[in-house]
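*Asks:* This structure is in structure tokens; I'll ask about it shortly.
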Amino acid sequence: MDYFVLNDEIHEKDGRRTHELTQKGLLSCSEYKMLRKDLVLAEQFGKMRDLIYMQDRNGDNLRSYIEPFSLYEKSIELSISYSDILRESNRLAFNFASSLKTAVEISESFFLSERRKAGSL
């Protein structure tokens with residue numbers, strides 16, 4: 001069984017959208033299965049990229065909160081107690097560590113499952 005490879009050109013005119021489909025080629029069943037496998041791999045990398053982005057943002061939040069000038073401003077100018085500053089710093093540190101741990105665990109599980117599928121383990 002072969003699969004069609006199509007190109008979908010979208011045209012807009014007068015507020016109406018139309019699609020023009022043209023055949024670009026054919027894929028064999030084995031080529032199609034390989035393509036699907038590659039798309040799953042690309043999707044997993046996208047998820048890992050998102051996790052790493054969240055981990056980076058959490059790290060940036062922690063870094064900016066505990067900068068010396070920021071701590072001085074919070075304690076002196078904004079009259080925030082040291083215990084509240086410490087509690088918020090701990091919360092941000094926990095968020096960063098949790099997101100880092102999650103990113104590492106998901107990356108490890110993905111690569112281990114890929115190695116198992118390839119027969120390396």
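Order determines the names: the first chain of the structure tokens is A, the second B, and so forth; residues in each chain are numbered 1 upward, and ligands are numbered 1 upward as they are shown.
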As a ChimeraX atom specification, which residues of stretch 7-114 of chain A does DSSP assign to helix (DSSP H, G or I)?

*Replies:* /A:29-65,68-77,82-114

*Asks:* What parts of chain A does DSSP call strand (DSSP E or B)? I'd like the answer as an MDAnalysis selection string.

*Replies:* chainID A and resid 3:13 16:27

*Asks:* With C-alpha atoms retained, could you export that selection as a short mmCIF file (atom, residue, chain, number, x, y, z; two decimals), in the first residue's frame?

*Replies:*
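Generated output (out20.cif):
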data_model
loop_
_atom_site.label_atom_id
_atom_site.label_comp_id
_atom_site.auth_asym_id
_atom_site.auth_seq_id
_atom_site.Cartn_x
_atom_site.Cartn_y
_atom_site.Cartn_z
CA TYR A 3 0.56 6.76 0.70
CA PHE A 4 0.14 10.00 -1.20
CA VAL A 5 2.35 12.98 -0.36
CA LEU A 6 0.26 16.11 -0.83
CA ASN A 7 0.97 19.80 -0.82
CA ASP A 8 -1.78 22.00 0.62
CA GLU A 9 -1.68 25.58 -0.65
CA ILE A 10 -4.05 27.91 1.17
CA HIS A 11 -5.47 30.85 -0.76
CA GLU A 12 -7.50 33.73 0.66
CA LYS A 13 -9.58 36.01 -1.49
CA ARG A 16 -12.83 33.21 1.70
CA ARG A 17 -10.20 30.56 2.23
CA THR A 18 -9.64 27.76 -0.27
CA HIS A 19 -7.21 24.86 -0.35
CA GLU A 20 -5.41 23.63 -3.43
CA LEU A 21 -4.12 20.08 -3.03
CA THR A 22 -1.45 18.76 -5.39
CA GLN A 23 0.20 15.37 -5.33
CA LYS A 24 3.96 15.53 -4.76
CA GLY A 25 4.76 11.84 -4.69
CA LEU A 26 4.16 8.49 -3.04
CA LEU A 27 5.47 6.86 0.13
#

*Asks:* Which one of A:Leu51, A:Asn61, A:Ser89, A:Cys29 sits closest to A:Lys101 if you count only C-alpha atoms?

*Replies:* A:Leu51

*Asks:* When you look at stretch 103-110 of chain A with a cut-off of 8 Å (counting only C-alpha atoms), what residues show up, excluding the ones that are within fewer than 5 positions of it in the same chain? I need them as a list in words.

*Replies:*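 The residues satisfying every condition are Gln44, Met48, Leu51, Ile52 and Gln55 of chain A.
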
*Asks:* To one decimal place, how far is atom CA of A:Glu67 from atom CA of A:Met54 in Å?

*Replies:*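 According to the coordinates, atom CA of A:Glu67 and atom CA of A:Met54 are separated by 20.2 Å.
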